[in-house]
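Asks: Got a structure for you, written out below as structure tokens; questions coming shortly.
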Amino acid sequence: MSMHIARKRFGQNFLVDRQVISDIVSAVAPKRDDCVVEIGPGLGALTDPLLQRLDHLHVVEIDRDIVARLRPRYSPQKLTIHEGDALDFDFSSLVDGSGRKLHVVGNLPYNISTPLLFHLAGFAGCVYDMHFMLQKEVVERLVAEPGTSDFGRLSVMLQYRFVMDQLLDVPPECFSPAPKVDSAVVRLIPRPPDELSARDEARFAALVSAAFAQRRKMLRNNLKGILGDSGFAQLGIAPTARAEELSVADYIRIANSLH
Ligand code: SAM
């Protein structure tokens, strides 16, 4: 088969570094009968070693040419290919009657990483864990502590739902073509449902968006019409604080105080 030309619009930077590939698979640590889905298998850098350790693997891939290369390589009993956009994919459809939760893996296309993380957060209830290669800057925002400039809407919304660890830093030379940015691998583990204490998650999400709408401004301004001076006083939160200074727990408290 002819050589595949990497497509920029699909964020195609293929992993070529053996050590990094093996480190990712070790971090995922799949057991033979786990239910695993890989997002964006590409030319199979992770797919091959994952399949060596699994009875079966699901993949979601948008690029038809790549799907056409993958099909003849594996038997349909081992590999189920879902051709399409991971942003629209219903990950809960992969959970079968066995009660096994999903392991989600991927060297993600960086151009859609934020919307994809939000999409996946919606399936946290049926997920066991997720391991992703992302732009390092995005991983730093995911794991950021309050009070730092990396702490934003992405940090609050994803930390609400997941415990996250930055596992591995990966330089551009580990990919072909090399991306212009540094990368990192992050692990996300869903929090148990009883830890998710926002009474109305849509309201919580809307509050966090409003708070960070203009991050230089004081919360009093960003939350105008949502939380008044007496509301701030009752919660013991300074109206002059900036969005990045509040913790996830503070945002939950504010959201739960709104009617
Ligand atoms: N896993 C391979 C590797 O590590 O070498 C490829 C990683 S490459 C960074 C991203 C992969 O995601 C490509 O195969 C690309 O075609 C695929 N992709 C891009 N956008 C996608 C989308 N919206 N849904 C599903 N797959 C997508």
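Letters for chains follow the order of the structure tokens (A, B, ...), residue numbers begin at 1 for each chain, and ligand numbers begin at 1 in the order shown.
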Can you pull out every residue with an atom within 7 Å of ligand 1? Use only C-alpha atoms and all ligand atoms and format it as a PDB file with all heavy atoms, in the first residue's frame.
Replies:
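Listed below is the output, result09.pdb:
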```
ATOM      1  N   PHE A  10      -6.763  16.723  10.347  1.00  0.00           N
ATOM      2  CA  PHE A  10      -7.162  15.694  11.314  1.00  0.00           C
ATOM      3  C   PHE A  10      -6.144  15.574  12.455  1.00  0.00           C
ATOM      4  O   PHE A  10      -6.153  14.601  13.199  1.00  0.00           O
ATOM      5  CB  PHE A  10      -7.334  14.341  10.629  1.00  0.00           C
ATOM      6  CG  PHE A  10      -8.534  14.264   9.706  1.00  0.00           C
ATOM      7  CD1 PHE A  10      -8.474  13.516   8.539  1.00  0.00           C
ATOM      8  CD2 PHE A  10      -9.723  14.918  10.013  1.00  0.00           C
ATOM      9  CE1 PHE A  10      -9.588  13.421   7.685  1.00  0.00           C
ATOM     10  CE2 PHE A  10     -10.831  14.840   9.170  1.00  0.00           C
ATOM     11  CZ  PHE A  10     -10.759  14.099   8.005  1.00  0.00           C
ATOM     12  N   GLY A  11      -5.271  16.568  12.554  1.00  0.00           N
ATOM     13  CA  GLY A  11      -4.308  16.575  13.666  1.00  0.00           C
ATOM     14  C   GLY A  11      -3.411  15.354  13.660  1.00  0.00           C
ATOM     15  O   GLY A  11      -3.101  14.800  14.719  1.00  0.00           O
ATOM     16  N   GLN A  12      -2.984  14.927  12.477  1.00  0.00           N
ATOM     17  CA  GLN A  12      -2.216  13.674  12.396  1.00  0.00           C
ATOM     18  C   GLN A  12      -0.731  13.883  12.655  1.00  0.00           C
ATOM     19  O   GLN A  12       0.013  14.356  11.802  1.00  0.00           O
ATOM     20  CB  GLN A  12      -2.455  12.995  11.039  1.00  0.00           C
ATOM     21  CG  GLN A  12      -3.894  12.464  10.935  1.00  0.00           C
ATOM     22  CD  GLN A  12      -4.226  11.831   9.597  1.00  0.00           C
ATOM     23  OE1 GLN A  12      -3.420  11.862   8.661  1.00  0.00           O
ATOM     24  NE2 GLN A  12      -5.424  11.268   9.496  1.00  0.00           N
ATOM     25  N   ASN A  13      -0.312  13.534  13.867  1.00  0.00           N
ATOM     26  CA  ASN A  13       1.100  13.448  14.221  1.00  0.00           C
ATOM     27  C   ASN A  13       1.270  12.055  14.802  1.00  0.00           C
ATOM     28  O   ASN A  13       0.776  11.775  15.898  1.00  0.00           O
ATOM     29  CB  ASN A  13       1.473  14.512  15.255  1.00  0.00           C
ATOM     30  CG  ASN A  13       1.268  15.924  14.726  1.00  0.00           C
ATOM     31  OD1 ASN A  13       0.230  16.542  14.992  1.00  0.00           O
ATOM     32  ND2 ASN A  13       2.207  16.423  13.967  1.00  0.00           N
ATOM     33  N   PHE A  14       1.932  11.191  14.040  1.00  0.00           N
ATOM     34  CA  PHE A  14       1.972   9.784  14.415  1.00  0.00           C
ATOM     35  C   PHE A  14       3.124   9.512  15.375  1.00  0.00           C
ATOM     36  O   PHE A  14       4.236   9.998  15.181  1.00  0.00           O
ATOM     37  CB  PHE A  14       2.073   8.912  13.160  1.00  0.00           C
ATOM     38  CG  PHE A  14       0.908   9.126  12.231  1.00  0.00           C
ATOM     39  CD1 PHE A  14       1.059   9.792  11.016  1.00  0.00           C
ATOM     40  CD2 PHE A  14      -0.371   8.700  12.590  1.00  0.00           C
ATOM     41  CE1 PHE A  14      -0.027  10.012  10.182  1.00  0.00           C
ATOM     42  CE2 PHE A  14      -1.455   8.923  11.762  1.00  0.00           C
ATOM     43  CZ  PHE A  14      -1.289   9.574  10.552  1.00  0.00           C
ATOM     44  N   LEU A  15       2.838   8.713  16.388  1.00  0.00           N
ATOM     45  CA  LEU A  15       3.871   8.369  17.361  1.00  0.00           C
ATOM     46  C   LEU A  15       4.858   7.411  16.728  1.00  0.00           C
ATOM     47  O   LEU A  15       4.457   6.412  16.115  1.00  0.00           O
ATOM     48  CB  LEU A  15       3.216   7.663  18.551  1.00  0.00           C
ATOM     49  CG  LEU A  15       2.949   8.497  19.788  1.00  0.00           C
ATOM     50  CD1 LEU A  15       2.163   7.662  20.784  1.00  0.00           C
ATOM     51  CD2 LEU A  15       4.246   9.006  20.403  1.00  0.00           C
ATOM     52  N   VAL A  16       6.145   7.696  16.885  1.00  0.00           N
ATOM     53  CA  VAL A  16       7.154   6.795  16.326  1.00  0.00           C
ATOM     54  C   VAL A  16       8.154   6.327  17.387  1.00  0.00           C
ATOM     55  O   VAL A  16       8.902   5.385  17.156  1.00  0.00           O
ATOM     56  CB  VAL A  16       7.917   7.439  15.137  1.00  0.00           C
ATOM     57  CG1 VAL A  16       6.997   7.570  13.930  1.00  0.00           C
ATOM     58  CG2 VAL A  16       8.490   8.805  15.502  1.00  0.00           C
ATOM     59  N   ILE A  39      -9.244   6.261  20.554  1.00  0.00           N
ATOM     60  CA  ILE A  39      -9.686   7.350  19.677  1.00  0.00           C
ATOM     61  C   ILE A  39      -8.539   7.691  18.737  1.00  0.00           C
ATOM     62  O   ILE A  39      -7.418   7.956  19.182  1.00  0.00           O
ATOM     63  CB  ILE A  39     -10.090   8.587  20.511  1.00  0.00           C
ATOM     64  CG1 ILE A  39     -11.248   8.239  21.447  1.00  0.00           C
ATOM     65  CG2 ILE A  39     -10.467   9.750  19.588  1.00  0.00           C
ATOM     66  CD1 ILE A  39     -11.613   9.341  22.421  1.00  0.00           C
ATOM     67  N   GLY A  40      -8.806   7.672  17.439  1.00  0.00           N
ATOM     68  CA  GLY A  40      -7.794   8.034  16.454  1.00  0.00           C
ATOM     69  C   GLY A  40      -6.637   7.061  16.385  1.00  0.00           C
ATOM     70  O   GLY A  40      -5.504   7.402  16.724  1.00  0.00           O
ATOM     71  N   PRO A  41      -6.874   5.822  15.926  1.00  0.00           N
ATOM     72  CA  PRO A  41      -5.794   4.831  15.856  1.00  0.00           C
ATOM     73  C   PRO A  41      -4.700   5.190  14.848  1.00  0.00           C
ATOM     74  O   PRO A  41      -3.562   4.732  14.996  1.00  0.00           O
ATOM     75  CB  PRO A  41      -6.521   3.551  15.425  1.00  0.00           C
ATOM     76  CG  PRO A  41      -7.752   4.027  14.721  1.00  0.00           C
ATOM     77  CD  PRO A  41      -8.149   5.289  15.452  1.00  0.00           C
ATOM     78  N   GLY A  42      -5.043   5.990  13.842  1.00  0.00           N
ATOM     79  CA  GLY A  42      -4.030   6.372  12.851  1.00  0.00           C
ATOM     80  C   GLY A  42      -3.402   5.152  12.229  1.00  0.00           C
ATOM     81  O   GLY A  42      -4.089   4.211  11.820  1.00  0.00           O
ATOM     82  N   LEU A  43      -2.078   5.143  12.178  1.00  0.00           N
ATOM     83  CA  LEU A  43      -1.378   4.040  11.518  1.00  0.00           C
ATOM     84  C   LEU A  43      -1.103   2.889  12.490  1.00  0.00           C
ATOM     85  O   LEU A  43      -0.372   1.962  12.153  1.00  0.00           O
ATOM     86  CB  LEU A  43      -0.094   4.549  10.871  1.00  0.00           C
ATOM     87  CG  LEU A  43      -0.333   5.686   9.860  1.00  0.00           C
ATOM     88  CD1 LEU A  43       0.988   6.218   9.307  1.00  0.00           C
ATOM     89  CD2 LEU A  43      -1.249   5.220   8.715  1.00  0.00           C
ATOM     90  N   GLY A  44      -1.652   2.974  13.689  1.00  0.00           N
ATOM     91  CA  GLY A  44      -1.627   1.800  14.571  1.00  0.00           C
ATOM     92  C   GLY A  44      -0.531   1.770  15.625  1.00  0.00           C
ATOM     93  O   GLY A  44      -0.316   0.732  16.255  1.00  0.00           O
ATOM     94  N   ALA A  45       0.144   2.912  15.838  1.00  0.00           N
ATOM     95  CA  ALA A  45       1.274   2.933  16.788  1.00  0.00           C
ATOM     96  C   ALA A  45       0.873   2.384  18.161  1.00  0.00           C
ATOM     97  O   ALA A  45       1.642   1.649  18.793  1.00  0.00           O
ATOM     98  CB  ALA A  45       1.816   4.355  16.937  1.00  0.00           C
ATOM     99  N   LEU A  46      -0.316   2.741  18.621  1.00  0.00           N
ATOM    100  CA  LEU A  46      -0.794   2.230  19.914  1.00  0.00           C
ATOM    101  C   LEU A  46      -1.702   1.020  19.727  1.00  0.00           C
ATOM    102  O   LEU A  46      -1.773   0.142  20.594  1.00  0.00           O
ATOM    103  CB  LEU A  46      -1.563   3.334  20.666  1.00  0.00           C
ATOM    104  CG  LEU A  46      -0.734   4.550  21.084  1.00  0.00           C
ATOM    105  CD1 LEU A  46      -1.642   5.681  21.565  1.00  0.00           C
ATOM    106  CD2 LEU A  46       0.247   4.160  22.193  1.00  0.00           C
ATOM    107  N   VAL A  60     -12.189   4.440  17.123  1.00  0.00           N
ATOM    108  CA  VAL A  60     -13.023   5.451  16.455  1.00  0.00           C
ATOM    109  C   VAL A  60     -12.084   6.303  15.615  1.00  0.00           C
ATOM    110  O   VAL A  60     -11.149   6.912  16.156  1.00  0.00           O
ATOM    111  CB  VAL A  60     -13.746   6.354  17.483  1.00  0.00           C
ATOM    112  CG1 VAL A  60     -14.647   7.359  16.770  1.00  0.00           C
ATOM    113  CG2 VAL A  60     -14.544   5.525  18.487  1.00  0.00           C
ATOM    114  N   GLU A  61     -12.293   6.294  14.307  1.00  0.00           N
ATOM    115  CA  GLU A  61     -11.375   7.006  13.407  1.00  0.00           C
ATOM    116  C   GLU A  61     -12.184   7.734  12.336  1.00  0.00           C
ATOM    117  O   GLU A  61     -13.080   7.166  11.725  1.00  0.00           O
ATOM    118  CB  GLU A  61     -10.396   5.999  12.777  1.00  0.00           C
ATOM    119  CG  GLU A  61      -9.469   6.543  11.700  1.00  0.00           C
ATOM    120  CD  GLU A  61      -8.554   7.682  12.156  1.00  0.00           C
ATOM    121  OE1 GLU A  61      -7.726   7.488  13.066  1.00  0.00           O
ATOM    122  OE2 GLU A  61      -8.691   8.789  11.595  1.00  0.00           O
ATOM    123  N   ILE A  62     -11.822   8.990  12.104  1.00  0.00           N
ATOM    124  CA  ILE A  62     -12.572   9.829  11.165  1.00  0.00           C
ATOM    125  C   ILE A  62     -12.059   9.721   9.721  1.00  0.00           C
ATOM    126  O   ILE A  62     -12.806   9.933   8.773  1.00  0.00           O
ATOM    127  CB  ILE A  62     -12.519  11.314  11.627  1.00  0.00           C
ATOM    128  CG1 ILE A  62     -13.644  12.131  11.006  1.00  0.00           C
ATOM    129  CG2 ILE A  62     -11.161  11.930  11.361  1.00  0.00           C
ATOM    130  CD1 ILE A  62     -13.817  13.516  11.627  1.00  0.00           C
ATOM    131  N   ASP A  63     -10.772   9.389   9.570  1.00  0.00           N
ATOM    132  CA  ASP A  63     -10.139   9.443   8.243  1.00  0.00           C
ATOM    133  C   ASP A  63     -10.385   8.127   7.490  1.00  0.00           C
ATOM    134  O   ASP A  63      -9.865   7.078   7.852  1.00  0.00           O
ATOM    135  CB  ASP A  63      -8.630   9.689   8.430  1.00  0.00           C
ATOM    136  CG  ASP A  63      -7.897   9.886   7.115  1.00  0.00           C
ATOM    137  OD1 ASP A  63      -8.375   9.389   6.066  1.00  0.00           O
ATOM    138  OD2 ASP A  63      -6.829  10.529   7.137  1.00  0.00           O
ATOM    139  N   ILE A  66      -7.446   6.022   6.399  1.00  0.00           N
ATOM    140  CA  ILE A  66      -6.844   5.272   7.499  1.00  0.00           C
ATOM    141  C   ILE A  66      -7.701   4.053   7.830  1.00  0.00           C
ATOM    142  O   ILE A  66      -7.183   2.954   8.039  1.00  0.00           O
ATOM    143  CB  ILE A  66      -6.631   6.204   8.717  1.00  0.00           C
ATOM    144  CG1 ILE A  66      -5.410   7.069   8.420  1.00  0.00           C
ATOM    145  CG2 ILE A  66      -6.495   5.405  10.007  1.00  0.00           C
ATOM    146  CD1 ILE A  66      -4.880   7.868   9.553  1.00  0.00           C
ATOM    147  N   GLY A  84     -15.923   7.447  11.953  1.00  0.00           N
ATOM    148  CA  GLY A  84     -16.701   8.650  12.226  1.00  0.00           C
ATOM    149  C   GLY A  84     -15.971   9.583  13.169  1.00  0.00           C
ATOM    150  O   GLY A  84     -14.811   9.352  13.522  1.00  0.00           O
ATOM    151  N   ASP A  85     -16.699  10.613  13.550  1.00  0.00           N
ATOM    152  CA  ASP A  85     -16.150  11.702  14.349  1.00  0.00           C
ATOM    153  C   ASP A  85     -16.311  11.387  15.838  1.00  0.00           C
ATOM    154  O   ASP A  85     -17.433  11.204  16.314  1.00  0.00           O
ATOM    155  CB  ASP A  85     -16.919  12.982  13.979  1.00  0.00           C
ATOM    156  CG  ASP A  85     -16.291  14.221  14.580  1.00  0.00           C
ATOM    157  OD1 ASP A  85     -15.533  14.105  15.568  1.00  0.00           O
ATOM    158  OD2 ASP A  85     -16.566  15.320  14.061  1.00  0.00           O
ATOM    159  N   ALA A  86     -15.202  11.345  16.566  1.00  0.00           N
ATOM    160  CA  ALA A  86     -15.258  11.048  18.003  1.00  0.00           C
ATOM    161  C   ALA A  86     -16.089  12.084  18.763  1.00  0.00           C
ATOM    162  O   ALA A  86     -16.635  11.789  19.827  1.00  0.00           O
ATOM    163  CB  ALA A  86     -13.839  10.991  18.581  1.00  0.00           C
ATOM    164  N   LEU A  87     -16.201  13.286  18.186  1.00  0.00           N
ATOM    165  CA  LEU A  87     -16.981  14.345  18.858  1.00  0.00           C
ATOM    166  C   LEU A  87     -18.473  14.038  18.882  1.00  0.00           C
ATOM    167  O   LEU A  87     -19.208  14.592  19.694  1.00  0.00           O
ATOM    168  CB  LEU A  87     -16.772  15.685  18.148  1.00  0.00           C
ATOM    169  CG  LEU A  87     -15.439  16.383  18.395  1.00  0.00           C
ATOM    170  CD1 LEU A  87     -15.302  17.581  17.462  1.00  0.00           C
ATOM    171  CD2 LEU A  87     -15.327  16.824  19.844  1.00  0.00           C
ATOM    172  N   GLY A 106      -6.014   7.388  23.803  1.00  0.00           N
ATOM    173  CA  GLY A 106      -5.790   8.042  22.525  1.00  0.00           C
ATOM    174  C   GLY A 106      -4.668   9.050  22.543  1.00  0.00           C
ATOM    175  O   GLY A 106      -4.460   9.750  23.526  1.00  0.00           O
ATOM    176  N   ASN A 107      -3.961   9.064  21.424  1.00  0.00           N
ATOM    177  CA  ASN A 107      -3.063  10.170  21.118  1.00  0.00           C
ATOM    178  C   ASN A 107      -3.963  11.114  20.326  1.00  0.00           C
ATOM    179  O   ASN A 107      -4.191  10.923  19.137  1.00  0.00           O
ATOM    180  CB  ASN A 107      -1.885   9.642  20.309  1.00  0.00           C
ATOM    181  CG  ASN A 107      -1.020  10.732  19.718  1.00  0.00           C
ATOM    182  OD1 ASN A 107      -1.121  11.894  20.095  1.00  0.00           O
ATOM    183  ND2 ASN A 107      -0.169  10.356  18.767  1.00  0.00           N
ATOM    184  N   LEU A 108      -4.543  12.079  21.014  1.00  0.00           N
ATOM    185  CA  LEU A 108      -5.679  12.812  20.448  1.00  0.00           C
ATOM    186  C   LEU A 108      -5.251  13.863  19.438  1.00  0.00           C
ATOM    187  O   LEU A 108      -4.172  14.443  19.563  1.00  0.00           O
ATOM    188  CB  LEU A 108      -6.471  13.491  21.573  1.00  0.00           C
ATOM    189  CG  LEU A 108      -7.115  12.580  22.609  1.00  0.00           C
ATOM    190  CD1 LEU A 108      -7.971  13.406  23.574  1.00  0.00           C
ATOM    191  CD2 LEU A 108      -7.959  11.500  21.963  1.00  0.00           C
ATOM    192  N   PRO A 109      -6.135  14.094  18.458  1.00  0.00           N
ATOM    193  CA  PRO A 109      -5.910  15.225  17.558  1.00  0.00           C
ATOM    194  C   PRO A 109      -6.007  16.527  18.358  1.00  0.00           C
ATOM    195  O   PRO A 109      -7.032  16.811  18.966  1.00  0.00           O
ATOM    196  CB  PRO A 109      -7.056  15.106  16.543  1.00  0.00           C
ATOM    197  CG  PRO A 109      -8.068  14.193  17.153  1.00  0.00           C
ATOM    198  CD  PRO A 109      -7.373  13.353  18.154  1.00  0.00           C
ATOM    199  N   TYR A 110      -4.899  17.308  18.381  1.00  0.00           N
ATOM    200  CA  TYR A 110      -4.838  18.463  19.284  1.00  0.00           C
ATOM    201  C   TYR A 110      -5.830  19.560  18.915  1.00  0.00           C
ATOM    202  O   TYR A 110      -6.266  20.314  19.779  1.00  0.00           O
ATOM    203  CB  TYR A 110      -3.417  19.038  19.311  1.00  0.00           C
ATOM    204  CG  TYR A 110      -2.394  18.080  19.905  1.00  0.00           C
ATOM    205  CD1 TYR A 110      -1.037  18.313  19.799  1.00  0.00           C
ATOM    206  CD2 TYR A 110      -2.808  16.946  20.599  1.00  0.00           C
ATOM    207  CE1 TYR A 110      -0.106  17.441  20.349  1.00  0.00           C
ATOM    208  CE2 TYR A 110      -1.890  16.064  21.142  1.00  0.00           C
ATOM    209  CZ  TYR A 110      -0.540  16.313  21.013  1.00  0.00           C
ATOM    210  OH  TYR A 110       0.372  15.452  21.558  1.00  0.00           O
ATOM    211  N   ILE A 112      -8.873  19.369  18.274  1.00  0.00           N
ATOM    212  CA  ILE A 112     -10.213  19.224  18.848  1.00  0.00           C
ATOM    213  C   ILE A 112     -10.158  18.748  20.304  1.00  0.00           C
ATOM    214  O   ILE A 112     -11.145  18.258  20.842  1.00  0.00           O
ATOM    215  CB  ILE A 112     -11.094  18.244  18.028  1.00  0.00           C
ATOM    216  CG1 ILE A 112     -10.436  16.855  17.933  1.00  0.00           C
ATOM    217  CG2 ILE A 112     -11.409  18.795  16.651  1.00  0.00           C
ATOM    218  CD1 ILE A 112     -11.438  15.749  17.581  1.00  0.00           C
TER     219      ILE A 112
END
```
Asks: Which residue gives the smallest distance to Pro177 in chain A among A:Ser2, A:Ser230, A:Asp17, A:Asp33, with only C-alpha atoms counted?
Replies: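 Nearest to Pro177 in chain A: A:Asp17.
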Asks: Give me the residues within 6 Å of range 186-199 of chain A as a PyMOL selection string, counting only C-alpha atoms and dropping any in the same chain fewer than 6 places off.
Replies: chain A and resi 124+129-132+161-167+252
Asks: Which neighbours of Asp34 in chain A fall inside 12 Å, counting only C-alpha atoms, when residues of the same chain fewer than 2 positions from it are skipped, and could you give them as a PyMOL selection string?
Replies: chain A and resi 28-32+36-37+50-51+53-58+94-96+98-104+127-129
Asks: Write out, as a compact mmCIF listing (two decimals), in the first residue's frame, the residues just selected, with N, CA and C atoms.
Replies:
```txt
# COMPACT_ATOMS: atom_id res chain seq x y z
N VAL A 28 -1.51 2.33 30.60
CA VAL A 28 -2.89 1.85 30.40
C VAL A 28 -3.07 0.49 31.08
N ALA A 29 -2.03 -0.32 31.04
CA ALA A 29 -2.01 -1.64 31.69
C ALA A 29 -3.28 -2.45 31.44
N PRO A 30 -3.59 -2.70 30.16
CA PRO A 30 -4.84 -3.39 29.86
C PRO A 30 -4.81 -4.86 30.29
N LYS A 31 -5.95 -5.35 30.74
CA LYS A 31 -6.11 -6.78 31.01
C LYS A 31 -6.90 -7.38 29.85
N ARG A 32 -6.62 -8.65 29.54
CA ARG A 32 -7.13 -9.27 28.30
C ARG A 32 -8.59 -8.99 27.99
N VAL A 36 -11.90 -1.75 25.87
CA VAL A 36 -11.04 -0.61 25.58
C VAL A 36 -11.44 0.03 24.25
N VAL A 37 -11.43 1.36 24.21
CA VAL A 37 -11.65 2.07 22.95
C VAL A 37 -10.50 3.04 22.74
N LEU A 50 -1.57 -2.51 21.87
CA LEU A 50 -2.77 -2.72 22.70
C LEU A 50 -3.41 -4.05 22.35
N LEU A 51 -3.51 -4.31 21.03
CA LEU A 51 -4.15 -5.56 20.59
C LEU A 51 -3.38 -6.79 21.01
N ARG A 53 -2.20 -7.21 23.79
CA ARG A 53 -2.53 -7.49 25.19
C ARG A 53 -4.02 -7.61 25.44
N LEU A 54 -4.82 -7.52 24.36
CA LEU A 54 -6.28 -7.52 24.53
C LEU A 54 -6.93 -8.57 23.64
N ASP A 55 -8.06 -9.10 24.11
CA ASP A 55 -8.86 -9.98 23.25
C ASP A 55 -9.55 -9.18 22.15
N HIS A 56 -9.94 -7.95 22.49
CA HIS A 56 -10.73 -7.14 21.56
C HIS A 56 -10.49 -5.66 21.82
N LEU A 57 -10.58 -4.86 20.76
CA LEU A 57 -10.41 -3.41 20.89
C LEU A 57 -11.40 -2.69 19.96
N HIS A 58 -11.98 -1.60 20.46
CA HIS A 58 -12.76 -0.71 19.61
C HIS A 58 -11.87 0.47 19.22
N LEU A 94 -20.72 1.43 23.73
CA LEU A 94 -19.73 0.35 23.76
C LEU A 94 -19.83 -0.49 25.02
N VAL A 95 -20.61 0.01 25.97
CA VAL A 95 -20.76 -0.73 27.22
C VAL A 95 -21.78 -1.84 27.00
N ASP A 96 -21.34 -3.06 27.21
CA ASP A 96 -22.26 -4.19 26.98
C ASP A 96 -22.92 -4.60 28.29
N SER A 98 -22.19 -6.76 30.36
CA SER A 98 -21.33 -7.37 31.38
C SER A 98 -21.04 -6.46 32.56
N GLY A 99 -21.37 -5.18 32.43
CA GLY A 99 -21.11 -4.25 33.52
C GLY A 99 -19.68 -3.72 33.53
N ARG A 100 -18.87 -4.14 32.54
CA ARG A 100 -17.50 -3.63 32.48
C ARG A 100 -17.51 -2.17 32.06
N LYS A 101 -16.72 -1.36 32.75
CA LYS A 101 -16.61 0.04 32.34
C LYS A 101 -15.52 0.20 31.29
N LEU A 102 -15.57 1.33 30.60
CA LEU A 102 -14.68 1.56 29.46
C LEU A 102 -13.32 2.11 29.85
N HIS A 103 -12.30 1.63 29.15
CA HIS A 103 -10.99 2.26 29.20
C HIS A 103 -10.84 3.02 27.88
N VAL A 104 -10.62 4.31 27.97
CA VAL A 104 -10.51 5.13 26.76
C VAL A 104 -9.05 5.56 26.61
N VAL A 127 -17.21 5.18 32.37
CA VAL A 127 -15.77 5.07 32.10
C VAL A 127 -15.02 4.58 33.34
N TYR A 128 -14.06 3.69 33.12
CA TYR A 128 -13.18 3.23 34.20
C TYR A 128 -11.98 4.18 34.32
N ASP A 129 -11.29 4.39 33.19
CA ASP A 129 -10.24 5.40 33.17
C ASP A 129 -9.96 5.83 31.73
```
Asks: Looking at A:Phe175, A:Thr47, A:Leu158, A:Leu219, which one is nearest to Ala205 in chain A, with distances taken over only C-alpha atoms?
Replies: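 Result for the nearest residue to Ala205 in chain A: A:Leu158.
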Asks: Would you mind telling me which residue in A:Val185, A:Glu145, A:Val170, A:Gln159 lies nearest to Val25 in chain A when using only C-alpha atoms?
Replies: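 Of A:Val185, A:Glu145, A:Val170, A:Gln159, the one nearest Val25 in chain A is A:Val185, counting only C-alpha atoms.
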Asks: Which neighbours of range 233-248 of chain A fall inside 6 Å, counting only C-alpha atoms, when residues of the same chain fewer than 2 positions from it are skipped, and could you give them as a PyMOL selection string?
Replies: chain A and resi 146-147+151+156+211-212+218-220+230-231+250-251
Asks: Which distance in Å separates CA of His119 in chain A and CA of Gln77 in chain A, to one decimal?
Replies: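 Going from CA of His119 in chain A over to CA of Gln77 in chain A, I get 27.8 Å.
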Asks: Would you kindly return, as a ChimeraX atom specification, each protein, DNA or RNA residue with an atom no farther than 10 Å from any atom of Ala210 in chain A, considering only C-alpha atoms and excluding same-chain residues fewer than 5 positions away?
Replies: /A:153,204-205,215,219,221-224,226,243
Asks: Print the selection's residues with C-alpha atoms to a file, as an mmCIF file, in the first residue's frame.
Replies:
```
data_model
loop_
_atom_site.group_PDB
_atom_site.id
_atom_site.type_symbol
_atom_site.label_atom_id
_atom_site.label_comp_id
_atom_site.auth_asym_id
_atom_site.auth_seq_id
_atom_site.Cartn_x
_atom_site.Cartn_y
_atom_site.Cartn_z
ATOM 1 C CA ARG A 153 -12.876 26.741 32.927
ATOM 2 C CA PHE A 204 -22.759 24.747 37.659
ATOM 3 C CA ALA A 205 -21.392 24.723 34.083
ATOM 4 C CA ARG A 215 -10.599 36.354 33.596
ATOM 5 C CA LEU A 219 -16.035 38.039 40.049
ATOM 6 C CA ASN A 221 -18.487 41.908 37.424
ATOM 7 C CA ASN A 222 -18.456 38.512 35.735
ATOM 8 C CA LEU A 223 -21.282 37.275 37.977
ATOM 9 C CA LYS A 224 -23.462 40.375 37.687
ATOM 10 C CA ILE A 226 -26.112 35.814 38.958
ATOM 11 C CA ALA A 243 -12.216 33.602 38.852
#
```
Asks: Rounded to one decimal place, report the CA of Lys8 in chain A-CA of Met133 in chain A distance in Å.
Replies: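 Spanning CA of Lys8 in chain A to CA of Met133 in chain A is a straight-line distance of 16.8 Å.
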Asks: Restricting the calculation to only C-alpha atoms, which member of A:Cys35, A:Val20, A:Leu142, A:Met1 is positioned closest to Pro171 in chain A?
Replies: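 Checking each candidate against Pro171 in chain A, we get A:Val20 as the closest.
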Asks: In terms of the shortest atom-to-atom distance over only C-alpha atoms, which of A:Asp200, A:Asp182, A:Glu38, A:Asp150 is closest to Leu168 in chain A?
Replies: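 Going through A:Asp200, A:Asp182, A:Glu38, A:Asp150 one by one, the smallest distance to Leu168 in chain A is for A:Asp182.
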Asks: Have a look at A:His4, A:Arg64, A:Lys217, A:Arg18 and name the one nearest to Cys174 in chain A; count only C-alpha atoms.
Replies: A:Arg18
